>>> print(open('query_37.cif').read())   # mmCIF, C-alpha atoms
data_work
#
loop_
_atom_site.label_atom_id
_atom_site.label_comp_id
_atom_site.auth_asym_id
_atom_site.auth_seq_id
_atom_site.Cartn_x
_atom_site.Cartn_y
_atom_site.Cartn_z
CA MET A 1 100.49 130.02 35.39
CA ALA A 2 98.68 132.22 32.90
CA SER A 3 95.47 131.94 34.85
CA ARG A 4 97.06 133.75 37.80
CA HIS A 5 97.51 136.80 35.60
CA GLU A 6 93.89 137.08 34.54
CA PHE A 7 90.90 138.13 36.55
CA GLU A 8 88.42 135.41 37.35
CA PRO A 9 85.58 135.60 39.87
CA SER A 10 86.83 134.01 43.05
CA PRO A 11 85.21 132.79 46.26
CA LEU A 12 87.34 135.44 47.95
CA ILE A 13 85.28 138.19 46.37
CA ARG A 14 82.28 138.36 48.64
CA HIS A 15 79.18 140.33 47.75
CA GLY A 16 75.52 139.68 48.10
CA ARG A 17 73.01 140.69 50.64
CA GLN A 18 74.26 139.09 53.80
CA ARG A 19 74.53 141.19 56.89
CA SER A 20 78.30 141.49 56.46
CA ARG A 21 80.30 143.80 58.66
CA SER A 22 83.26 144.31 56.37
CA PRO A 23 82.34 147.72 54.85
CA ILE A 24 82.41 149.33 58.27
CA PHE A 25 86.10 149.75 57.92
CA SER A 26 85.55 152.65 55.59
CA LEU A 27 85.41 154.53 58.87
CA LEU A 28 89.15 154.54 58.46
CA ARG A 29 89.24 156.50 55.21
CA TRP A 30 90.14 159.65 57.13
CA LEU A 31 90.06 158.09 60.55
CA GLY A 32 93.63 157.00 59.95
CA ALA A 33 94.70 160.62 60.17
CA ALA A 34 92.18 161.48 62.86
CA LEU A 35 93.18 158.54 65.03
CA ALA A 36 96.83 159.37 64.59
CA VAL A 37 96.07 162.84 65.96
CA VAL A 38 94.01 161.45 68.81
CA LEU A 39 96.38 158.64 69.63
CA VAL A 40 99.58 160.58 69.75
CA SER A 41 98.00 163.44 71.63
CA ALA A 42 97.12 160.90 74.28
CA LEU A 43 100.64 159.54 74.19
CA SER A 44 102.10 162.97 74.76
CA LEU A 45 99.82 163.51 77.74
CA ALA A 46 100.08 160.22 79.57
CA ALA A 47 103.09 157.94 79.88
CA ILE A 48 100.89 155.02 80.87
CA THR A 49 99.04 155.30 77.57
CA ALA A 50 102.32 155.29 75.69
CA GLN A 51 103.42 152.17 77.54
CA GLN A 52 100.11 150.47 76.81
CA PHE A 53 100.32 151.33 73.12
CA THR A 54 103.82 149.98 72.63
CA SER A 55 103.01 146.77 74.48
CA ASN A 56 99.69 146.10 72.70
CA VAL A 57 100.16 147.18 69.11
CA LYS A 58 101.28 144.66 66.49
CA THR A 59 103.74 145.65 63.79
CA VAL A 60 104.78 144.51 60.32
CA GLU A 61 107.70 145.42 58.05
CA LEU A 62 106.83 147.00 54.71
CA VAL A 63 108.77 145.95 51.62
CA GLY A 64 111.73 148.29 51.26
CA GLN A 65 110.91 150.11 54.48
CA THR A 66 113.67 152.37 55.76
CA ALA A 67 113.36 153.56 59.31
CA GLY A 68 115.85 156.43 59.30
CA PRO A 69 116.49 158.59 62.34
CA PRO A 70 113.30 159.39 64.26
CA PRO A 71 112.29 163.04 64.21
CA GLU A 72 112.25 165.12 67.32
CA ILE A 73 108.88 165.28 69.05
CA GLY A 74 106.82 168.04 67.48
CA ALA A 75 108.85 168.25 64.27
CA TYR A 76 108.41 166.33 61.03
CA GLU A 77 109.96 167.78 57.91
CA GLY A 78 108.25 167.52 54.56
CA GLY A 79 105.29 165.54 53.32
CA PHE A 80 104.33 161.92 53.84
CA ASN A 81 101.88 159.22 52.77
CA VAL A 82 99.96 156.94 55.12
CA LEU A 83 97.95 153.96 53.88
CA VAL A 84 94.99 152.97 56.05
CA VAL A 85 93.45 149.56 55.48
CA GLY A 86 90.24 148.20 56.96
CA SER A 87 90.32 144.42 57.38
CA ASP A 88 87.21 142.24 57.30
CA VAL A 89 88.86 139.36 59.17
CA CYS A 90 86.41 137.41 61.32
CA GLU A 91 87.31 137.84 64.97
CA ASP A 92 84.56 135.56 66.25
CA GLY A 93 85.77 132.02 66.89
CA SER A 94 82.34 130.65 65.98
CA GLY A 95 82.39 132.36 62.58
CA CYS A 96 80.87 135.50 61.06
CA ASN A 97 77.73 135.56 58.94
CA GLY A 98 78.50 136.43 55.34
CA ARG A 99 82.27 136.16 55.73
CA GLY A 100 84.55 133.23 55.20
CA SER A 101 87.97 132.67 56.68
CA SER A 102 89.80 134.86 54.16
CA GLU A 103 90.92 138.35 55.13
CA LEU A 104 90.18 141.08 52.60
CA ASN A 105 90.81 144.83 52.64
CA ASP A 106 87.34 146.21 52.10
CA VAL A 107 88.66 149.69 52.81
CA THR A 108 91.82 151.13 51.24
CA MET A 109 92.54 154.80 51.89
CA LEU A 110 95.71 156.73 51.10
CA LEU A 111 96.35 159.93 53.05
CA HIS A 112 98.81 162.35 51.44
CA VAL A 113 100.19 165.41 53.27
CA SER A 114 101.96 167.99 51.11
CA ALA A 115 105.64 168.79 51.54
CA ASP A 116 104.85 172.26 52.86
CA GLN A 117 102.29 170.73 55.24
CA THR A 118 99.50 173.09 54.17
CA ASN A 119 97.09 170.59 52.61
CA ALA A 120 96.13 166.94 52.70
CA VAL A 121 94.04 164.62 50.56
CA ALA A 122 92.53 161.27 51.50
CA VAL A 123 91.99 159.05 48.45
CA SER A 124 89.53 156.20 48.90
CA ILE A 125 89.98 153.33 46.45
CA PRO A 126 86.77 151.35 45.82
CA ARG A 127 87.10 147.80 47.11
CA ASP A 128 85.87 146.35 43.78
CA MET A 129 88.22 148.37 41.57
CA VAL A 130 90.18 145.99 39.36
CA VAL A 131 93.88 146.86 39.37
CA PRO A 132 97.22 145.12 38.79
CA ILE A 133 98.58 143.41 41.90
CA PRO A 134 102.37 143.07 41.94
CA SER A 135 104.31 140.10 43.21
CA CYS A 136 104.06 140.12 47.01
CA PRO A 137 106.00 138.23 49.70
CA ARG A 138 103.91 135.55 51.38
CA GLN A 139 102.91 136.28 54.96
CA ASP A 140 104.54 133.06 56.14
CA GLY A 141 107.86 134.24 54.70
CA LYS A 142 108.06 131.34 52.26
CA GLY A 143 108.57 132.92 48.86
CA SER A 144 106.26 135.27 47.00
CA ASN A 145 102.91 135.19 45.23
CA GLY A 146 103.00 135.89 41.50
CA ALA A 147 101.88 139.19 40.02
CA MET A 148 98.33 139.49 38.68
CA SER A 149 97.36 141.87 35.91
CA GLY A 150 93.77 142.38 37.01
CA GLN A 151 92.11 141.66 40.36
CA PRO A 152 89.84 143.63 42.69
CA ILE A 153 92.09 145.54 45.05
CA ASN A 154 90.43 144.02 48.10
CA VAL A 155 92.19 140.69 47.58
CA SER A 156 95.64 142.22 48.09
CA LEU A 157 95.46 141.82 51.88
CA PHE A 158 94.70 138.11 51.47
CA TYR A 159 97.60 137.53 49.10
CA GLY A 160 100.30 139.22 51.15
CA GLY A 161 98.96 141.13 54.13
CA LEU A 162 99.45 144.85 54.71
CA PRO A 163 102.79 144.97 52.81
CA CYS A 164 101.05 143.63 49.67
CA THR A 165 98.31 146.25 49.83
CA VAL A 166 101.00 148.92 50.20
CA LEU A 167 102.83 147.59 47.12
CA THR A 168 99.55 147.51 45.16
CA VAL A 169 98.61 151.10 46.00
CA GLN A 170 102.14 152.30 45.26
CA ALA A 171 101.94 150.66 41.82
CA LEU A 172 98.48 152.16 41.17
CA THR A 173 99.28 155.72 42.25
CA GLY A 174 103.03 156.06 41.74
CA LEU A 175 103.29 157.48 45.27
CA PRO A 176 105.77 156.10 47.82
CA ILE A 177 104.09 155.01 51.05
CA GLN A 178 106.15 155.55 54.17
CA PHE A 179 103.62 154.45 56.80
CA ALA A 180 100.71 152.01 56.94
CA MET A 181 97.99 150.95 59.36
CA GLU A 182 95.50 148.07 59.38
CA VAL A 183 92.52 148.21 61.74
CA LYS A 184 90.20 145.41 62.80
CA PHE A 185 86.43 145.41 63.25
CA SER A 186 86.37 145.37 67.04
CA GLY A 187 88.15 148.69 67.42
CA ILE A 188 85.50 150.72 65.58
CA VAL A 189 82.68 150.26 68.09
CA ASN A 190 84.97 151.18 70.96
CA ILE A 191 86.37 154.22 69.15
CA THR A 192 83.00 155.70 68.21
CA ASN A 193 81.73 155.09 71.73
CA ALA A 194 84.83 156.72 73.22
CA ILE A 195 84.24 159.98 71.38
CA GLY A 196 80.56 160.06 72.30
CA GLY A 197 79.23 159.41 68.81
CA VAL A 198 79.34 161.34 65.54
CA PRO A 199 76.56 163.67 64.31
CA VAL A 200 75.37 162.68 60.84
CA CYS A 201 72.88 164.54 58.65
CA VAL A 202 70.42 162.64 56.44
CA ASP A 203 68.02 164.30 54.01
CA GLY A 204 65.18 161.81 54.45
CA PRO A 205 64.15 158.49 55.96
CA ILE A 206 66.48 155.53 55.45
CA ASP A 207 65.53 151.92 55.99
CA ASP A 208 68.22 149.59 54.71
CA ARG A 209 67.33 146.04 55.67
CA TYR A 210 70.63 144.75 54.34
CA SER A 211 72.90 146.87 56.53
CA GLY A 212 70.39 147.28 59.35
CA PHE A 213 70.57 151.09 59.35
CA SER A 214 67.23 152.82 59.82
CA VAL A 215 66.16 156.37 60.67
CA PRO A 216 62.55 157.61 60.41
CA ALA A 217 63.01 161.08 58.93
CA ALA A 218 65.40 163.77 57.75
CA GLY A 219 67.56 165.27 60.47
CA THR A 220 70.87 164.99 62.29
CA TYR A 221 71.52 161.85 64.31
CA ASN A 222 74.33 161.15 66.76
CA LEU A 223 75.67 157.74 65.75
CA SER A 224 77.93 155.45 67.75
CA GLY A 225 78.67 151.75 68.19
CA GLU A 226 76.65 149.33 66.09
CA GLN A 227 74.45 152.09 64.67
CA ALA A 228 77.51 153.93 63.35
CA LEU A 229 78.75 150.72 61.76
CA ASP A 230 75.38 150.11 60.12
CA PHE A 231 75.43 153.62 58.66
CA LEU A 232 78.95 153.20 57.35
CA ARG A 233 77.99 150.06 55.50
CA THR A 234 74.61 151.24 54.22
CA ARG A 235 74.43 150.96 50.47
CA HIS A 236 70.85 150.19 49.53
CA GLY A 237 69.58 153.16 51.53
CA VAL A 238 71.57 155.96 49.85
CA GLY A 239 72.19 157.35 46.38
CA ASP A 240 71.97 154.78 43.62
CA ALA A 241 72.49 151.84 46.02
CA SER A 242 75.98 151.19 44.66
CA ASP A 243 79.20 150.67 46.57
CA LEU A 244 80.40 153.98 45.12
CA ALA A 245 77.42 155.74 46.74
CA ARG A 246 78.33 154.20 50.07
CA ILE A 247 81.79 155.82 49.88
CA SER A 248 80.36 159.35 49.94
CA GLY A 249 78.22 158.55 52.97
CA GLN A 250 81.32 157.37 54.74
CA GLN A 251 83.16 160.54 53.77
CA LEU A 252 80.53 162.78 55.32
CA PHE A 253 80.64 160.67 58.49
CA LEU A 254 84.40 161.09 58.75
CA SER A 255 84.26 164.79 57.95
CA SER A 256 81.84 165.25 60.83
CA MET A 257 83.97 163.11 63.12
CA VAL A 258 87.09 165.14 62.38
CA LYS A 259 85.25 168.38 63.13
CA LYS A 260 84.14 166.95 66.46
CA LEU A 261 87.60 165.71 67.41
CA LYS A 262 89.23 169.04 66.59
CA ALA A 263 86.59 171.24 68.27
CA PRO A 264 87.64 173.10 71.46
CA ASP A 265 85.47 170.77 73.54
CA GLY A 266 86.42 167.67 71.53
CA ALA A 267 88.42 164.60 72.45
CA LEU A 268 91.72 166.22 71.52
CA HIS A 269 91.34 168.38 74.61
CA ASN A 270 90.13 165.65 76.96
CA PRO A 271 92.84 163.35 78.39
CA VAL A 272 90.26 160.79 79.55
CA ASP A 273 88.76 160.45 76.07
CA LEU A 274 92.22 160.36 74.53
CA TYR A 275 93.21 157.50 76.78
CA LYS A 276 90.09 155.51 75.84
CA ILE A 277 90.67 156.01 72.12
CA ALA A 278 94.36 155.22 72.34
CA SER A 279 93.54 152.02 74.21
CA ALA A 280 91.00 150.95 71.59
CA VAL A 281 93.39 151.65 68.73
CA SER A 282 96.34 149.87 70.29
CA GLN A 283 94.40 146.66 70.80
CA ASN A 284 92.91 146.47 67.32
CA THR A 285 95.60 147.78 65.01
CA ILE A 286 98.55 146.49 63.00
CA VAL A 287 101.00 149.21 61.98
CA SER A 288 104.19 149.42 59.98
CA SER A 289 107.02 149.11 62.47
CA ASN A 290 108.12 152.71 61.91
CA LEU A 291 104.77 153.89 63.36
CA LYS A 292 105.48 152.23 66.69
CA ASN A 293 108.11 154.88 67.38
CA LEU A 294 106.45 157.42 69.67
CA ASN A 295 108.47 160.34 68.35
CA VAL A 296 107.25 159.58 64.83
CA LEU A 297 103.63 159.35 65.95
CA VAL A 298 103.74 162.61 67.86
CA ALA A 299 105.47 164.40 64.99
CA LEU A 300 102.94 163.20 62.39
CA ALA A 301 100.03 164.09 64.63
CA ASN A 302 101.30 167.61 65.20
CA VAL A 303 101.28 168.08 61.43
CA LEU A 304 97.80 166.64 60.96
CA LYS A 305 96.04 168.42 63.79
CA ASN A 306 97.22 171.84 62.54
CA LEU A 307 95.81 171.45 59.05
CA ASP A 308 92.91 173.76 58.29
CA LEU A 309 89.72 171.79 57.61
CA SER A 310 89.23 173.54 54.27
CA GLN A 311 92.60 172.17 53.16
CA VAL A 312 91.72 168.54 53.96
CA VAL A 313 89.94 166.85 51.06
CA PHE A 314 88.30 163.44 50.77
CA VAL A 315 88.11 162.06 47.22
CA GLN A 316 87.11 158.82 45.57
CA TYR A 317 89.65 157.29 43.21
CA PRO A 318 87.90 157.79 39.83
CA GLY A 319 86.05 154.67 38.80
CA VAL A 320 83.04 153.57 36.81
CA THR A 321 80.77 150.54 36.79
CA GLY A 322 79.02 148.83 33.88
CA GLN A 323 82.14 147.92 31.92
CA GLY A 324 82.82 144.55 30.34
CA GLY A 325 85.70 142.10 30.26
CA ILE A 326 87.68 141.84 33.47
CA TYR A 327 85.64 144.76 34.84
CA ALA A 328 82.27 143.02 34.50
CA GLY A 329 80.42 143.41 37.79
CA LYS A 330 83.37 145.37 39.22
CA VAL A 331 84.75 148.93 39.09
CA ALA A 332 87.01 150.11 36.27
CA PRO A 333 89.47 152.97 36.85
CA VAL A 334 89.05 156.16 34.82
CA PRO A 335 92.70 156.84 33.85
CA SER A 336 92.30 160.39 32.49
CA LEU A 337 90.58 161.67 35.63
CA ALA A 338 92.83 159.65 37.94
CA ASN A 339 95.94 161.04 36.24
CA ALA A 340 94.69 164.61 36.66
CA MET A 341 94.11 163.99 40.37
CA LEU A 342 97.43 162.23 40.91
CA ALA A 343 99.34 164.97 39.09
CA LYS A 344 98.00 167.48 41.63
CA ILE A 345 98.90 165.21 44.54
CA LYS A 346 102.44 164.57 43.29
CA ALA A 347 102.94 168.31 42.76
CA ASP A 348 101.60 169.00 46.28
CA GLN A 349 98.98 171.32 44.84
CA SER A 350 95.68 171.61 46.68
CA PHE A 351 92.50 170.91 44.71
CA LEU A 352 88.80 170.37 45.20
CA PRO A 353 86.44 167.74 43.74
CA GLY A 354 83.93 169.01 41.22
CA LYS A 355 80.93 167.37 42.86
CA THR A 356 79.84 165.48 45.92
CA GLY A 357 79.57 161.71 45.91
CA LEU A 358 76.66 159.64 44.66
CA GLY A 359 75.33 159.12 48.17
CA SER A 360 75.56 162.65 49.58
CA LYS A 361 74.62 166.23 48.85
CA ALA A 362 75.39 169.66 50.24
CA ASP A 363 73.51 170.58 53.41
CA ALA A 364 71.48 173.63 52.47
CA ALA A 365 70.92 174.49 56.13
CA ALA A 366 74.62 174.48 57.02
CA PRO A 367 76.32 177.80 57.81
CA THR A 368 78.63 179.16 55.14
CA GLU A 369 81.38 179.73 57.72
CA PRO A 370 82.51 177.31 60.44
CA SER A 371 80.97 177.97 63.84
CA PRO A 372 83.28 178.89 66.72
CA SER A 373 82.85 175.40 68.16
CA THR A 374 84.19 173.71 65.04
CA SER A 375 86.80 176.15 63.79
CA VAL A 376 90.45 175.20 64.13
CA PRO A 377 93.63 177.23 63.85
CA ALA A 378 95.22 177.28 60.42
CA THR A 379 98.83 176.34 59.88
CA THR A 380 101.40 179.12 59.89
CA ALA A 381 101.99 178.49 56.19
CA THR A 382 99.12 179.17 53.77
CA PRO A 383 98.55 178.10 50.17
CA THR A 384 99.54 180.75 47.63
CA GLN A 385 96.58 180.20 45.30
CA ALA A 386 93.02 179.01 45.39
CA PRO A 387 92.58 175.26 44.92
CA GLU A 388 91.69 174.14 41.40
CA VAL A 389 88.40 172.32 40.97
CA ILE A 390 88.78 169.01 39.11
CA THR A 391 85.62 168.50 37.08
CA GLY A 392 84.18 165.01 37.41
CA LEU A 393 86.07 164.14 40.59
CA ARG A 394 83.79 163.20 43.50
CA GLY A 395 84.31 164.04 47.15
CA GLN A 396 84.27 166.93 49.61
CA SER A 397 86.49 168.97 51.88
CA ALA A 398 86.46 168.36 55.63
CA ALA A 399 85.01 171.85 56.09
CA GLU A 400 81.94 171.14 53.97
CA GLN A 401 78.62 170.18 55.53
CA THR A 402 76.88 167.39 53.62
CA CYS A 403 73.92 165.09 54.19
CA ALA A 404 73.41 161.49 53.22
CA ALA A 405 71.10 161.41 50.20
CA HIS A 406 68.39 158.83 50.89
CA ARG A 407 66.96 156.75 48.04
#
>>> encode(input="query_37.cif", output="structure tokens")
Amino acid sequence: MASRHEFEPSPLIRHGRQRSRSPIFSLLRWLGAALAVVLVSALSLAAITAQQFTSNVKTVELVGQTAGPPPEIGAYEGGFNVLVVGSDVCEDGSGCNGRGSSELNDVTMLLHVSADQTNAVAVSIPRDMVVPIPSCPRQDGKGSNGAMSGQPINVSLFYGGLPCTVLTVQALTGLPIQFAMEVKFSGIVNITNAIGGVPVCVDGPIDDRYSGFSVPAAGTYNLSGEQALDFLRTRHGVGDASDLARISGQQLFLSSMVKKLKAPDGALHNPVDLYKIASAVSQNTIVSSNLKNLNVLVALANVLKNLDLSQVVFVQYPGVTGQGGIYAGKVAPVPSLANAMLAKIKADQSFLPGKTGLGSKADAAAPTEPSPSTSVPATTATPTQAPEVITGLRGQSAAEQTCAAHR
């Protein structure tokens, strides 16, 4: 039994240079919040969409989940935490190149909204970060898997499904998670197509033969479908070619997507687009059962869509490579920096990362103020003090304009 409590390289941990599709699910690092806004806006506009969602979406019970009375539509009191997981499960009956039959969570993102609903932070946990995994109920309902003191977090979905990943992130962060969502590969192409693509800035040519993403020169490109997926999984074409560099590229993609969705001419104001997105989400998503309640969805979305972009922050859970022992070839947490970040989150205090990610940089050509087409109304409540900058923490706010830093 001792071997189950120690980290050993496993066939489940898939790396290498295959043309794998699993990293695309980092689209969901802030897309969980964005899709909630889009989805429930559609539900509030069209009864047929609501009916389709409730009939299509699959649900799962979280460990210790308490439903409680549903809020009234348009009202949700206090803060909340939503875990968004991107699954790399193979949906092709003939098999997927570079992926076995195991299902891993290559993307794990925790969205926290403060109790006063004035700020939010999306924490992306690197898929290779080695963390303790608690005992988790088996998905077949027959007993539980034993706890493990050190495993990459992306095996938690395999060991116990979405509830196990929720338990793992709760143990890592000390934050209770009320809601959770798992999204499959096939939904991402449809979603990016439904919103007409996402504009992405790159600071030079990128030609990543491993992910398949290629652009000839610096500029802004409107990405959708397969091309968007290739960008989201590009690693060898940006920054230092690490998985940590890929995270920052994904953050800038999602920041741009959120701006587009919330713009006056964006999908949030187009019932046809909302219907398409809601349909794509409902057919490719597993949610905690308390998210199937339409009143809950609408209430959460009304909170999220009113957040000012400057008060929405994407950050990478602090980690470092190049360590030995159980962290060899993986990512080791940086406890001091992580604790400083988590203290701010638990206190509902807004903060800003001290620097952009390894794979992105500030866009020097971007305007210092949001343009009229991308500005959004602020919430009625406003923070009482300027956000503190946490030195060493990587990420960006949703209001920032960044470009992918080519190698």
>>> closest_residue(input="query_37.cif", among="A:Gln396, A:Ser156, A:Ser256, A:Gln170", to="Val200 of chain A", atoms="all atoms listed in the file")
A:Ser256
>>> residues_around(input="query_37.cif", residues="segment 144-147 of chain A", least_positions_apart="5", cutoff="7 Å", atoms="all atoms listed in the file", output="CSV table (one decimal) with C-alpha atoms, in the frame of the given file")
chain,number,residue,atom,x,y,z
A,5,HIS,CA,97.5,136.8,35.6
A,133,ILE,CA,98.6,143.4,41.9
A,134,PRO,CA,102.4,143.1,41.9
A,135,SER,CA,104.3,140.1,43.2
A,136,CYS,CA,104.1,140.1,47.0
A,137,PRO,CA,106.0,138.2,49.7
A,138,ARG,CA,103.9,135.6,51.4
A,159,TYR,CA,97.6,137.5,49.1
>>> closest_atom_pairs(input="query_37.cif", of="segment 236-276 of chain A", to="segment 287-311 of chain A", cutoff="9 Å", atoms="only C-alpha atoms", output="JSON lines")
{"residue": "A:Ser255", "atom": "CA", "partner": "A:Leu309", "partner_atom": "CA", "distance": 8.9}
{"residue": "A:Val258", "atom": "CA", "partner": "A:Leu309", "partner_atom": "CA", "distance": 8.6}
{"residue": "A:Lys259", "atom": "CA", "partner": "A:Leu309", "partner_atom": "CA", "distance": 7.9}
{"residue": "A:Lys262", "atom": "CA", "partner": "A:Lys305", "partner_atom": "CA", "distance": 7.4}
>>> closest_residue(input="query_37.cif", among="A:Val84, A:Asp265, A:Gln349, A:Asp207", to="Val166 of chain A", atoms="all atoms listed in the file")
A:Val84
>>> closest_residue(input="query_37.cif", among="A:Ile390, A:Ser87, A:Asp230, A:Asp363", to="Ala218 of chain A", atoms="all atoms listed in the file")
A:Asp363
>>> atom_distance(input="query_37.cif", atom1="atom CA of Gln151 of chain A", atom2="atom CA of Phe80 of chain A")
27.2 Å
>>> closest_residue(input="query_37.cif", among="A:Thr192, A:Ser124, A:Thr173, A:Gln117", to="Ile277 of chain A", atoms="only C-alpha atoms")
A:Thr192
>>> closest_residue(input="query_37.cif", among="A:Val331, A:Cys164, A:Met257, A:Ala338", to="Val123 of chain A", atoms="only C-alpha atoms")
A:Ala338
>>> atom_distance(input="query_37.cif", atom1="atom CA of Gln401 of chain A", atom2="atom CA of Glu226 of chain A")
23.5 Å
>>> closest_residue(input="query_37.cif", among="A:Thr356, A:Ser214, A:Gly79, A:Ala404", to="Cys201 of chain A", atoms="all atoms listed in the file")
A:Ala404
>>> resolve_selection(input="query_37.cif", expression="the PyMOL selection byres ((chain A and resi 244) around 12)", output="VMD selection string")
chain A and resid 23 26 124 to 129 233 to 236 238 to 243 245 to 251 315 to 321 330 to 332 356 to 360 394 to 395
>>> axis_aligned_box(input="query_37.cif", around="segment 342-354 of chain A", padding_each_side="3 Å", output="JSON")
{"center_x": 93.4, "center_y": 166.9, "center_z": 42.9, "size_x": 25.0, "size_y": 15.4, "size_z": 13.6}
>>> atom_distance(input="query_37.cif", atom1="atom CA of Gly212 of chain A", atom2="atom CA of Ala398 of chain A")
26.8 Å
>>> resolve_selection(input="query_37.cif", expression="the PyMOL selection byres ((chain A and resi 284) around 6)", output="PyMOL selection string")
chain A and resi 183-184+187+281-283+285
>>> resolve_selection(input="query_37.cif", expression="the PyMOL selection byres ((chain A and resi 202) around 9)", output="VMD selection string")
chain A and resid 200 to 201 203 to 206 215 217 to 221 360 402 to 406
>>> residues_around(input="query_37.cif", residues="Val131 of chain A", least_positions_apart="6", cutoff="9 Å", atoms="all atoms listed in the file", output="PyMOL selection string")
chain A and resi 148-153+168+172+332-333
>>> residues_around(input="query_37.cif", residues="Ala120 of chain A", least_positions_apart="4", cutoff="7 Å", atoms="only C-alpha atoms", output="list of chain:residue names")
A:His112, A:Val113, A:Ser114, A:Gln311, A:Val312, A:Val313
>>> residues_near_point(input="query_37.cif", point="(101.4, 156.9, 41.9)", cutoff="10 Å", atoms="all atoms listed in the file", output="list of chain:residue names")
A:Val169, A:Gln170, A:Ala171, A:Leu172, A:Thr173, A:Gly174, A:Leu175, A:Pro176, A:Ile177, A:Ala338, A:Asn339, A:Leu342, A:Ala343, A:Ile345, A:Lys346
>>> residues_around(input="query_37.cif", residues="Ala122 of chain A", least_positions_apart="6", cutoff="6 Å", atoms="all atoms listed in the file", output="list in words")
Leu110, Leu111 and Phe314 of chain A
>>> residues_around(input="query_37.cif", residues="Phe158 of chain A", least_positions_apart="3", cutoff="9 Å", atoms="only C-alpha atoms", output="VMD selection string")
chain A and resid 12 102 to 105 154 to 155 161 to 162 164
